[in-house]
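To be precise, the following lines are entry_23.cif, and they hold mmCIF, C-alpha atoms.
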data_protein
loop_
_atom_site.label_atom_id
_atom_site.label_comp_id
_atom_site.auth_asym_id
_atom_site.auth_seq_id
_atom_site.Cartn_x
_atom_site.Cartn_y
_atom_site.Cartn_z
CA MET A 210 0.00 0.00 0.00
CA ALA A 211 2.63 2.52 1.03
CA THR A 212 4.66 1.92 -2.11
CA ALA A 213 1.54 2.20 -4.24
CA THR A 214 0.79 5.74 -2.97
CA THR A 215 4.27 7.09 -3.66
CA ALA A 216 6.29 7.36 -6.82
CA ARG A 217 9.54 6.66 -4.99
CA PRO A 218 11.04 3.19 -5.03
CA PRO A 219 10.84 1.48 -1.63
CA ARG A 220 13.95 2.13 0.39
CA GLY A 221 14.78 2.89 3.98
CA ARG A 222 11.48 2.15 5.68
CA GLY A 223 10.03 0.27 2.71
CA ARG A 224 9.54 -3.50 2.72
CA PRO A 225 13.03 -5.01 2.98
CA ARG A 226 14.26 -7.01 0.07
CA ASP A 227 14.93 -10.72 0.54
CA GLU A 228 18.70 -10.25 0.72
CA ALA A 229 18.28 -7.80 3.56
CA ILE A 230 16.26 -10.32 5.52
CA ASP A 231 18.85 -12.99 4.79
CA GLU A 232 21.62 -10.76 6.08
CA ARG A 233 19.75 -9.78 9.22
CA VAL A 234 18.85 -13.38 10.01
CA LEU A 235 22.40 -14.65 9.46
CA ALA A 236 23.83 -11.83 11.58
CA ALA A 237 21.30 -12.56 14.33
CA THR A 238 22.23 -16.25 14.19
CA LEU A 239 25.95 -15.50 14.58
CA ALA A 240 25.29 -13.10 17.45
CA LEU A 241 23.04 -15.56 19.28
CA LEU A 242 25.51 -18.42 18.83
CA ALA A 243 28.37 -16.35 20.21
CA GLU A 244 26.38 -14.88 23.10
CA GLU A 245 23.97 -17.64 24.09
CA GLY A 246 25.31 -20.86 22.59
CA TYR A 247 23.91 -23.46 20.24
CA ALA A 248 21.03 -24.72 22.36
CA ALA A 249 19.61 -21.20 22.78
CA THR A 250 19.91 -20.42 19.07
CA THR A 251 16.45 -21.65 18.12
CA MET A 252 14.48 -20.58 15.06
CA THR A 253 12.14 -18.64 17.33
CA ALA A 254 14.98 -16.84 19.11
CA VAL A 255 16.68 -15.96 15.81
CA ALA A 256 13.41 -14.66 14.33
CA ARG A 257 12.78 -12.49 17.38
CA ARG A 258 16.32 -11.08 17.35
CA ALA A 259 16.24 -10.42 13.61
CA GLY A 260 12.81 -8.83 13.87
CA VAL A 261 11.21 -11.13 11.30
CA GLY A 262 8.47 -13.72 11.50
CA THR A 263 9.31 -17.38 12.03
CA PRO A 264 7.65 -18.33 8.69
CA ALA A 265 10.14 -16.07 6.91
CA LEU A 266 12.92 -18.17 8.42
CA TYR A 267 11.40 -21.49 7.46
CA ARG A 268 10.87 -20.31 3.90
CA ARG A 269 14.63 -19.88 3.64
CA TRP A 270 16.07 -22.59 5.88
CA SER A 271 14.36 -25.90 6.52
CA SER A 272 15.83 -26.35 9.99
CA ARG A 273 17.87 -24.73 12.70
CA THR A 274 20.82 -26.92 11.68
CA GLU A 275 20.71 -25.69 8.09
CA LEU A 276 20.45 -22.07 9.21
CA VAL A 277 23.39 -22.42 11.60
CA GLU A 278 25.51 -24.16 8.96
CA ASN A 279 24.73 -21.40 6.49
CA ALA A 280 25.67 -18.70 9.01
CA VAL A 281 28.85 -20.33 10.28
CA PHE A 282 30.16 -21.69 6.96
CA PRO A 283 29.16 -19.03 4.48
CA GLY A 284 31.00 -20.57 1.56
CA PHE A 285 34.69 -19.90 2.21
CA PRO A 286 35.34 -17.43 -0.60
CA ASP A 287 38.83 -16.87 0.84
CA LEU A 288 39.58 -20.57 0.61
CA VAL A 289 39.22 -20.77 -3.13
CA VAL A 290 42.75 -19.76 -3.81
CA GLU A 291 44.38 -19.65 -7.19
CA PRO A 292 47.23 -22.15 -7.33
CA THR A 293 50.53 -20.32 -7.29
CA GLY A 294 52.95 -23.14 -8.00
CA ASP A 295 54.11 -22.98 -4.37
CA LEU A 296 52.45 -26.07 -2.89
CA ARG A 297 53.46 -25.34 0.70
CA ALA A 298 52.21 -21.75 0.62
CA ASP A 299 48.95 -22.77 -1.04
CA VAL A 300 48.24 -25.55 1.49
CA GLN A 301 49.14 -23.21 4.35
CA ARG A 302 46.50 -20.77 3.05
CA TYR A 303 43.83 -23.46 3.33
CA VAL A 304 45.03 -24.42 6.80
CA ASP A 305 44.91 -20.78 7.94
CA ALA A 306 41.48 -20.26 6.38
CA TYR A 307 39.99 -23.29 8.15
CA CYS A 308 41.65 -22.27 11.42
CA ALA A 309 40.04 -18.82 11.03
CA VAL A 310 36.64 -20.37 10.39
CA PHE A 311 36.84 -22.57 13.49
CA ALA A 312 38.24 -19.73 15.60
CA ALA A 313 35.14 -17.56 15.14
CA PRO A 314 33.10 -17.50 18.37
CA ALA A 315 29.92 -18.52 16.56
CA ALA A 316 31.64 -21.49 14.92
CA ARG A 317 33.18 -22.60 18.21
CA ALA A 318 29.73 -22.49 19.78
CA ALA A 319 28.06 -24.21 16.84
CA MET A 320 30.42 -27.04 15.86
CA PRO A 321 29.73 -29.46 18.75
CA GLY A 322 25.99 -28.98 18.35
CA LEU A 323 26.18 -29.50 14.60
CA ILE A 324 28.31 -32.63 14.96
CA SER A 325 25.86 -33.93 17.54
CA ASP A 326 22.94 -33.27 15.18
CA TYR A 327 24.65 -35.20 12.39
CA GLN A 328 24.98 -38.28 14.61
CA THR A 329 21.37 -38.25 15.73
CA ASP A 330 19.80 -37.28 12.40
CA PRO A 331 22.20 -38.29 9.64
CA GLY A 332 19.56 -38.31 6.93
CA VAL A 333 18.98 -34.60 7.20
CA HIS A 334 22.62 -33.63 7.38
CA ARG A 335 24.35 -35.13 4.39
CA ARG A 336 24.83 -31.51 3.43
CA ILE A 337 27.74 -31.11 5.83
CA GLY A 338 30.06 -32.07 2.99
CA ASP A 339 28.68 -29.23 0.94
CA ARG A 340 28.83 -26.71 3.76
CA VAL A 341 32.19 -27.22 5.46
CA ALA A 342 33.97 -28.26 2.30
CA GLY A 343 31.51 -28.06 -0.54
CA SER A 344 32.17 -29.34 -3.99
CA ARG A 345 33.41 -25.88 -5.00
CA VAL A 346 36.06 -25.91 -2.27
CA ARG A 347 36.91 -29.56 -2.97
CA ASP A 348 37.27 -28.87 -6.69
CA ALA A 349 39.48 -25.85 -6.05
CA PHE A 350 41.64 -27.78 -3.59
CA ALA A 351 42.08 -30.67 -6.02
CA ALA A 352 42.90 -28.28 -8.86
CA MET A 353 45.44 -26.52 -6.67
CA LEU A 354 47.14 -29.82 -5.76
CA THR A 355 47.23 -30.97 -9.37
CA HIS A 356 48.58 -27.64 -10.61
CA ASP A 357 51.24 -27.28 -7.96
CA LEU A 358 52.40 -30.89 -8.19
CA THR A 359 52.78 -30.68 -11.94
CA HIS A 360 54.15 -27.13 -12.18
CA ASP A 361 56.63 -27.01 -9.33
CA CYS A 362 59.40 -25.19 -11.14
CA ALA A 363 61.61 -25.22 -8.06
CA ASP A 364 61.67 -29.02 -8.02
CA PRO A 365 61.34 -30.60 -11.46
CA ALA A 366 61.72 -33.99 -9.82
CA GLY A 367 58.40 -33.34 -8.13
CA LEU A 368 56.47 -33.49 -11.37
CA VAL A 369 53.78 -36.15 -11.28
CA ASP A 370 51.25 -37.45 -13.72
CA PRO A 371 48.03 -35.60 -12.85
CA ALA A 372 46.10 -38.66 -14.00
CA GLU A 373 47.71 -40.62 -11.19
CA PRO A 374 47.86 -38.43 -8.09
CA SER A 375 49.83 -40.08 -5.33
CA PHE A 376 47.18 -39.16 -2.77
CA ASP A 377 43.47 -38.56 -3.30
CA PRO A 378 42.75 -34.81 -2.98
CA ASP A 379 39.48 -35.41 -1.09
CA ASP A 380 41.35 -37.62 1.39
CA ALA A 381 44.00 -34.91 1.76
CA LEU A 382 41.33 -32.28 2.46
CA ASP A 383 39.71 -34.55 5.06
CA VAL A 384 43.09 -34.96 6.78
CA LEU A 385 43.56 -31.18 6.65
CA ILE A 386 40.09 -30.39 8.04
CA GLY A 387 40.26 -33.08 10.72
CA SER A 388 43.68 -31.90 11.83
CA VAL A 389 42.43 -28.31 12.02
CA MET A 390 39.42 -29.46 14.09
CA GLN A 391 41.70 -31.25 16.56
CA HIS A 392 44.04 -28.25 16.52
CA SER A 393 41.19 -25.78 17.13
CA PHE A 394 38.93 -27.64 19.54
CA VAL A 395 41.16 -29.95 21.57
CA ARG A 396 44.83 -28.98 21.30
CA PRO A 397 44.40 -25.54 22.94
CA PHE A 398 43.73 -27.34 26.23
CA THR A 399 46.64 -29.75 26.09
CA GLY A 400 49.52 -27.34 26.52
CA ARG A 401 51.12 -28.26 23.20
CA ALA A 402 52.47 -25.62 20.83
CA ALA A 403 49.95 -23.39 19.08
CA GLY A 404 51.49 -23.13 15.60
CA ASN A 405 49.63 -24.89 12.79
CA ALA A 406 52.52 -25.37 10.33
CA TYR A 407 52.75 -29.06 11.28
CA ILE A 408 49.38 -29.57 9.58
CA THR A 409 50.71 -28.04 6.38
CA ASP A 410 53.83 -30.21 6.70
CA ALA A 411 51.74 -33.36 7.06
CA VAL A 412 49.48 -32.55 4.11
CA VAL A 413 52.36 -31.53 1.83
CA ARG A 414 54.25 -34.71 2.73
CA ALA A 415 51.12 -36.79 2.20
CA VAL A 416 50.41 -35.48 -1.29
CA SER A 417 53.99 -35.20 -2.51
CA PRO A 418 55.19 -38.03 -4.74
CA MET B 41 26.15 -54.38 60.89
CA ALA B 42 25.52 -57.44 58.74
CA THR B 43 29.19 -58.09 58.31
CA ALA B 44 29.80 -57.67 62.04
CA THR B 45 27.35 -60.44 62.93
CA THR B 46 28.87 -63.02 60.59
CA ALA B 47 32.30 -64.56 60.42
CA ARG B 48 32.28 -64.73 56.62
CA PRO B 49 34.09 -62.12 54.61
CA PRO B 50 31.73 -59.73 52.83
CA ARG B 51 30.96 -60.96 49.37
CA GLY B 52 27.91 -61.26 47.20
CA ARG B 53 25.41 -59.23 49.19
CA GLY B 54 28.06 -57.61 51.37
CA ARG B 55 29.09 -53.98 51.02
CA PRO B 56 30.52 -53.64 47.51
CA ARG B 57 34.17 -52.84 47.22
CA ASP B 58 35.19 -49.54 45.65
CA GLU B 59 36.17 -51.17 42.38
CA ALA B 60 32.72 -52.71 42.10
CA ILE B 61 31.12 -49.29 42.50
CA ASP B 62 33.50 -47.86 39.92
CA GLU B 63 32.58 -50.54 37.43
CA ARG B 64 28.85 -50.18 38.00
CA VAL B 65 29.01 -46.39 37.66
CA LEU B 66 31.09 -46.53 34.49
CA ALA B 67 28.78 -49.16 32.97
CA ALA B 68 25.73 -47.06 33.89
CA THR B 69 27.37 -44.00 32.31
CA LEU B 70 28.04 -45.83 29.05
CA ALA B 71 24.50 -47.22 28.95
CA LEU B 72 22.91 -43.82 29.63
CA LEU B 73 25.07 -42.11 27.00
CA ALA B 74 24.15 -44.67 24.36
CA GLU B 75 20.46 -44.74 25.24
CA GLU B 76 19.65 -41.20 26.35
CA GLY B 77 22.48 -39.01 25.06
CA TYR B 78 24.94 -36.65 26.71
CA ALA B 79 22.49 -34.09 28.08
CA ALA B 80 20.51 -36.75 29.94
CA THR B 81 23.63 -38.37 31.41
CA THR B 82 23.71 -36.29 34.56
CA MET B 83 25.41 -37.25 37.82
CA THR B 84 21.97 -37.80 39.36
CA ALA B 85 20.78 -40.01 36.51
CA VAL B 86 23.98 -42.07 36.60
CA ALA B 87 23.76 -42.50 40.38
CA ARG B 88 20.16 -43.66 40.14
CA ARG B 89 20.91 -46.13 37.36
CA ALA B 90 23.98 -47.49 39.14
CA GLY B 91 22.11 -47.76 42.40
CA VAL B 92 24.57 -45.65 44.37
CA GLY B 93 24.32 -42.31 46.11
CA THR B 94 25.31 -39.12 44.35
CA PRO B 95 28.01 -38.40 46.99
CA ALA B 96 29.69 -41.69 46.04
CA LEU B 97 29.98 -40.36 42.50
CA TYR B 98 31.38 -37.02 43.50
CA ARG B 99 33.97 -38.67 45.73
CA ARG B 100 35.34 -40.38 42.61
CA TRP B 101 34.71 -37.89 39.80
CA SER B 102 34.63 -34.15 40.32
CA SER B 103 32.22 -33.49 37.47
CA ARG B 104 29.98 -35.06 34.90
CA THR B 105 32.57 -34.25 32.24
CA GLU B 106 35.31 -36.10 34.11
CA LEU B 107 33.06 -39.12 34.68
CA VAL B 108 32.05 -39.28 31.01
CA GLU B 109 35.67 -38.93 29.85
CA ASN B 110 36.70 -41.74 32.19
CA ALA B 111 33.91 -44.00 30.91
CA VAL B 112 34.39 -43.28 27.21
CA PHE B 113 38.21 -43.17 27.15
CA PRO B 114 39.21 -45.86 29.65
CA GLY B 115 42.91 -45.72 28.88
CA PHE B 116 43.35 -47.42 25.51
CA PRO B 117 45.23 -50.52 26.64
CA ASP B 118 44.99 -51.88 23.10
CA LEU B 119 46.62 -48.77 21.71
CA VAL B 120 49.87 -49.25 23.55
CA VAL B 121 51.32 -51.48 20.90
CA GLU B 122 54.79 -52.86 20.86
CA PRO B 123 56.68 -51.53 17.86
CA THR B 124 57.17 -54.30 15.32
CA GLY B 125 59.53 -52.65 12.85
CA ASP B 126 56.65 -52.37 10.37
CA LEU B 127 55.78 -48.67 10.55
CA ARG B 128 52.72 -48.87 8.31
CA ALA B 129 51.20 -51.79 10.24
CA ASP B 130 51.93 -50.14 13.58
CA VAL B 131 50.35 -46.80 12.56
CA GLN B 132 47.36 -48.63 11.09
CA ARG B 133 46.82 -50.30 14.48
CA TYR B 134 46.56 -46.90 16.16
CA VAL B 135 44.20 -45.63 13.43
CA ASP B 136 41.97 -48.69 13.85
CA ALA B 137 42.03 -48.39 17.64
CA TYR B 138 40.95 -44.73 17.58
CA CYS B 139 38.30 -45.50 14.97
CA ALA B 140 36.97 -48.22 17.30
CA VAL B 141 36.91 -45.83 20.23
CA PHE B 142 34.96 -43.19 18.29
CA ALA B 143 32.63 -45.82 16.81
CA ALA B 144 31.29 -46.89 20.22
CA PRO B 145 27.73 -45.57 20.69
CA ALA B 146 28.60 -43.96 24.03
CA ALA B 147 31.59 -42.15 22.53
CA ARG B 148 29.56 -40.93 19.56
CA ALA B 149 26.98 -39.56 21.97
CA ALA B 150 29.57 -38.05 24.30
CA MET B 151 32.16 -36.44 22.02
CA PRO B 152 30.17 -33.38 20.87
CA GLY B 153 29.11 -32.66 24.44
CA LEU B 154 32.65 -33.05 25.73
CA ILE B 155 34.07 -30.79 23.02
CA SER B 156 31.39 -28.23 23.81
CA ASP B 157 32.27 -28.39 27.52
CA TYR B 158 35.95 -27.78 26.74
CA GLN B 159 35.11 -24.58 24.86
CA THR B 160 32.89 -23.19 27.60
CA ASP B 161 34.97 -24.28 30.57
CA PRO B 162 38.55 -24.73 29.40
CA GLY B 163 40.07 -24.45 32.83
CA VAL B 164 38.42 -27.62 34.03
CA HIS B 165 39.17 -29.66 30.96
CA ARG B 166 42.87 -29.50 30.36
CA ARG B 167 42.75 -33.19 31.10
CA ILE B 168 41.46 -34.01 27.62
CA GLY B 169 45.06 -34.51 26.57
CA ASP B 170 45.48 -37.11 29.25
CA ARG B 171 42.22 -38.85 28.48
CA VAL B 172 42.00 -39.12 24.72
CA ALA B 173 45.73 -39.44 24.22
CA GLY B 174 47.34 -39.48 27.63
CA SER B 175 51.04 -39.25 28.22
CA ARG B 176 51.20 -43.05 28.30
CA VAL B 177 49.71 -43.29 24.81
CA ARG B 178 51.82 -40.38 23.56
CA ASP B 179 55.00 -41.94 24.95
CA ALA B 180 54.19 -45.29 23.37
CA PHE B 181 53.37 -43.69 20.01
CA ALA B 182 56.61 -41.71 20.02
CA ALA B 183 58.60 -44.79 20.99
CA MET B 184 56.94 -46.77 18.21
CA LEU B 185 57.79 -44.10 15.62
CA THR B 186 61.39 -43.85 16.79
CA HIS B 187 61.85 -47.62 16.85
CA ASP B 188 60.28 -48.26 13.46
CA LEU B 189 62.05 -45.37 11.75
CA THR B 190 65.42 -46.50 13.01
CA HIS B 191 64.91 -50.26 12.66
CA ASP B 192 63.23 -50.57 9.29
CA CYS B 193 65.16 -53.51 7.97
CA ALA B 194 63.17 -53.52 4.72
CA ASP B 195 64.37 -50.03 3.85
CA PRO B 196 67.82 -49.24 5.21
CA ALA B 197 67.58 -45.88 3.49
CA GLY B 198 64.81 -45.03 5.92
CA LEU B 199 67.12 -45.00 8.91
CA VAL B 200 67.02 -41.65 10.68
CA ASP B 201 68.74 -40.16 13.63
CA PRO B 202 66.27 -40.62 16.52
CA ALA B 203 67.65 -37.41 18.01
CA GLU B 204 66.31 -35.54 15.00
CA PRO B 205 62.91 -36.92 14.10
CA SER B 206 61.67 -35.46 10.85
CA PHE B 207 58.21 -34.87 12.31
CA ASP B 208 57.26 -34.33 15.94
CA PRO B 209 55.51 -37.47 17.26
CA ASP B 210 52.94 -35.42 19.23
CA ASP B 211 52.09 -33.48 16.08
CA ALA B 212 51.77 -36.75 14.16
CA LEU B 213 49.40 -38.14 16.80
CA ASP B 214 47.29 -34.96 16.66
CA VAL B 215 47.04 -35.31 12.87
CA LEU B 216 46.08 -38.97 13.33
CA ILE B 217 43.42 -38.26 15.99
CA GLY B 218 42.00 -35.25 14.14
CA SER B 219 41.77 -37.22 10.91
CA VAL B 220 40.01 -40.07 12.71
CA MET B 221 37.56 -37.56 14.26
CA GLN B 222 36.72 -36.14 10.83
CA HIS B 223 36.55 -39.68 9.44
CA SER B 224 34.25 -40.87 12.24
CA PHE B 225 31.97 -37.90 12.82
CA VAL B 226 31.68 -36.07 9.49
CA ARG B 227 32.84 -38.23 6.58
CA PRO B 228 30.12 -40.91 7.03
CA PHE B 229 27.58 -38.31 5.87
CA THR B 230 29.46 -37.08 2.80
CA GLY B 231 29.26 -40.16 0.62
CA ARG B 232 33.01 -40.56 0.40
CA ALA B 233 34.70 -43.94 0.77
CA ALA B 234 34.67 -45.51 4.20
CA GLY B 235 38.17 -47.04 4.35
CA ASN B 236 40.60 -45.44 6.78
CA ALA B 237 43.91 -46.46 5.16
CA TYR B 238 44.36 -42.94 3.75
CA ILE B 239 44.89 -41.73 7.34
CA THR B 240 47.67 -44.27 7.81
CA ASP B 241 49.14 -43.23 4.45
CA ALA B 242 49.16 -39.57 5.47
CA VAL B 243 50.75 -40.20 8.87
CA VAL B 244 53.38 -42.59 7.49
CA ARG B 245 54.27 -40.09 4.75
CA ALA B 246 54.37 -37.27 7.29
CA VAL B 247 56.78 -38.99 9.66
CA SER B 248 58.96 -40.69 7.06
CA PRO B 249 62.26 -38.96 6.31
#
Before anything else, please render the file you have as C-alpha cells.
Amino acid sequence: MATATTARPPRGRGRPRDEAIDERVLAATLALLAEEGYAATTMTAVARRAGVGTPALYRRWSSRTELVENAVFPGFPDLVVEPTGDLRADVQRYVDAYCAVFAAPAARAAMPGLISDYQTDPGVHRRIGDRVAGSRVRDAFAAMLTHDLTHDCADPAGLVDPAEPSFDPDDALDVLIGSVMQHSFVRPFTGRAAGNAYITDAVVRAVSP
Amino acid sequence: MATATTARPPRGRGRPRDEAIDERVLAATLALLAEEGYAATTMTAVARRAGVGTPALYRRWSSRTELVENAVFPGFPDLVVEPTGDLRADVQRYVDAYCAVFAAPAARAAMPGLISDYQTDPGVHRRIGDRVAGSRVRDAFAAMLTHDLTHDCADPAGLVDPAEPSFDPDDALDVLIGSVMQHSFVRPFTGRAAGNAYITDAVVRAVSP
C-alpha cells in the first residue's frame, strides 16, 4: 500500500528485500551463537532477534541446523585460492582459512551442536560435505594440488602425472580439516604448541610423490 | 552391621568394594550415553541407574565431564602397541584403535558434548590430553615411531637419527586423531569412501624422512 501511494522506489522504511532479511537473520544467528550458545539459538529466538516472522525463516532454511551451517560456513570465498605453483604456501593458506573459520566465536559455539545433530539425524545432514567443504572448495583444492604438483618449477623432480595423483585430494582435504578441528577444539587445552605449520607439513608430505 | 554379625568375609550381598562401585558407575554411564544421550547423562541419573548415592559419584569424579571422559576413554590398553619394525602396520593399528573408540555408541553420543564443555569451561578440561591421548599413549606412540624409523630392515635408506625426528611425534598423533575424528563424525555423511587407510598413508608419509 505505502509503495503504491508514492512514486519513490521502496527504500529505507520500505519493505526489505529478501537479501536484507537474509543478512539480518544470518547476523542474528551468529550473534546468538556467540552470546547464548547453540542450544539457545532456536528458530524462534533468531526470528525475534532479527525482527522477522518465524515463517520467513522457514521459507529460507528448513531447519535450525541448516540455518546455523549457512551462518557459520558461508561458503569460504577466501579458501578458493588460485594455485601459485608454491604447494606449501597454497596448502598453508587453506590451513589458515579453516583455522580462522573454526576460531570464530559462533563457529566454536556451533560445531559441537552441529556434529551432535549429524549423529542423531544423519539423513537430514548429508549436506555437511557441501557446507564445510563443498564441492566448490573440494574442486578448487584438487585443482590446486594438481597444478602445484605438476608445475613445481623449483623441483622438477616433483612433477607427477596428474592422472595418477599419489594421494586422493578429497582424502587430503579430510586430513587437513580433521587436523584443524583437533588443533582448534582440543589442542588448545593440552599445553602443546599453538602453531599450525605441522598440519601443512603433514598434508604436503602426504600429497607429494 | 551385617558383616559384624557373621564370620564370613563380605561378598555377594556384602558392602561392595570400591572397584565394584566404579565398574557399576562406568557401565551405567556408558548405557545412559548410548540410550539417552549426553544431556541426559547427569550425575543424578547415573547415580540412580547405578544404584549408588550421588556423593559416592562425586567422591570419585569431580564433574559429569570427568566421569564421562573416564567412561568413554578408559585408557586405551589396546593402543599401547609394541613396535614391530613395520611402521605402516603399527600406525594402522593406532588408526583402527581410535576408529573403534569413536565408533562406540557412548563415545559418539559423548564427544560433541565433551568438546562443547571444553570450549565453555577450558580451565576444568585441560585433562582431555590425558584422556583421549594421555602421556602413556603419547609416549608409546613416540617410541613406536622412533623404533620403526630406526629399525626398518626392509628399507635401510629409511634410517634416521632418533635425536632428530623429521616430524614431531605429538604433532603426528594430533594429525592422526584429528583425521580419525573427521573420518568418524563427518565423513560418514558425505558419501566418500569408508576405508581409513588414507589416514595411515598420510601419517606414514608425514613422519617418514
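Taking only C-alpha atoms, the non-local environment of Leu323 in chain A within 10 Å (same-chain residues fewer than 2 positions away omitted) comprises A:Tyr247, A:Arg273, A:Thr274, A:Glu275, A:Val277, A:Glu278, A:Ala316, A:Ala318, A:Ala319, A:Met320, A:Pro321, A:Ser325, A:Asp326, A:Tyr327, A:Gln328, A:His334, A:Ile337, B:Pro152, B:Val226.
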Selection above as a file: C-alpha atoms, as an mmCIF file, keeping the file's coordinate frame:
data_model
loop_
_atom_site.group_PDB
_atom_site.id
_atom_site.type_symbol
_atom_site.label_atom_id
_atom_site.label_comp_id
_atom_site.auth_asym_id
_atom_site.auth_seq_id
_atom_site.Cartn_x
_atom_site.Cartn_y
_atom_site.Cartn_z
ATOM 1 C CA TYR A 247 23.910 -23.460 20.240
ATOM 2 C CA ARG A 273 17.870 -24.730 12.700
ATOM 3 C CA THR A 274 20.820 -26.920 11.680
ATOM 4 C CA GLU A 275 20.710 -25.690 8.090
ATOM 5 C CA VAL A 277 23.390 -22.420 11.600
ATOM 6 C CA GLU A 278 25.510 -24.160 8.960
ATOM 7 C CA ALA A 316 31.640 -21.490 14.920
ATOM 8 C CA ALA A 318 29.730 -22.490 19.780
ATOM 9 C CA ALA A 319 28.060 -24.210 16.840
ATOM 10 C CA MET A 320 30.420 -27.040 15.860
ATOM 11 C CA PRO A 321 29.730 -29.460 18.750
ATOM 12 C CA SER A 325 25.860 -33.930 17.540
ATOM 13 C CA ASP A 326 22.940 -33.270 15.180
ATOM 14 C CA TYR A 327 24.650 -35.200 12.390
ATOM 15 C CA GLN A 328 24.980 -38.280 14.610
ATOM 16 C CA HIS A 334 22.620 -33.630 7.380
ATOM 17 C CA ILE A 337 27.740 -31.110 5.830
ATOM 18 C CA PRO B 152 30.170 -33.380 20.870
ATOM 19 C CA VAL B 226 31.680 -36.070 9.490
#
Once the PyMOL selection byres ((chain A) within 9 of (chain B)) is applied to the coordinates I shared, what remains selected? I want it as a PyMOL selection string. chain A and resi 317-325+327-329+331-332+334-339+376-377+379-381+383-392+394-401+407-408+410-417
What separation in Å, quoted to one decimal, exists between CA of Ala111 in chain B and CA of Leu185 in chain B?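 Atom-to-atom, CA of Ala111 in chain B to CA of Leu185 in chain B, that is 28.4 Å.
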Quote the spacing between CA of Leu276 in chain A and CA of Thr238 in chain A in Å to one decimal place.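 CA of Thr238 in chain A lies at a distance of 7.9 Å from CA of Leu276 in chain A.
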If you measure from CA of Phe311 in chain A to CA of Ser272 in chain A, what distance in Å do you get, rounded to one decimal? 21.6 Å
Nearest to Leu66 in chain B among B:Ala137, B:Val177, B:Val112, B:Ala79, with distances taken over all atoms listed in the file: which residue is it?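 Once distances to Leu66 in chain B are computed over all atoms listed in the file, the minimum belongs to B:Val112.
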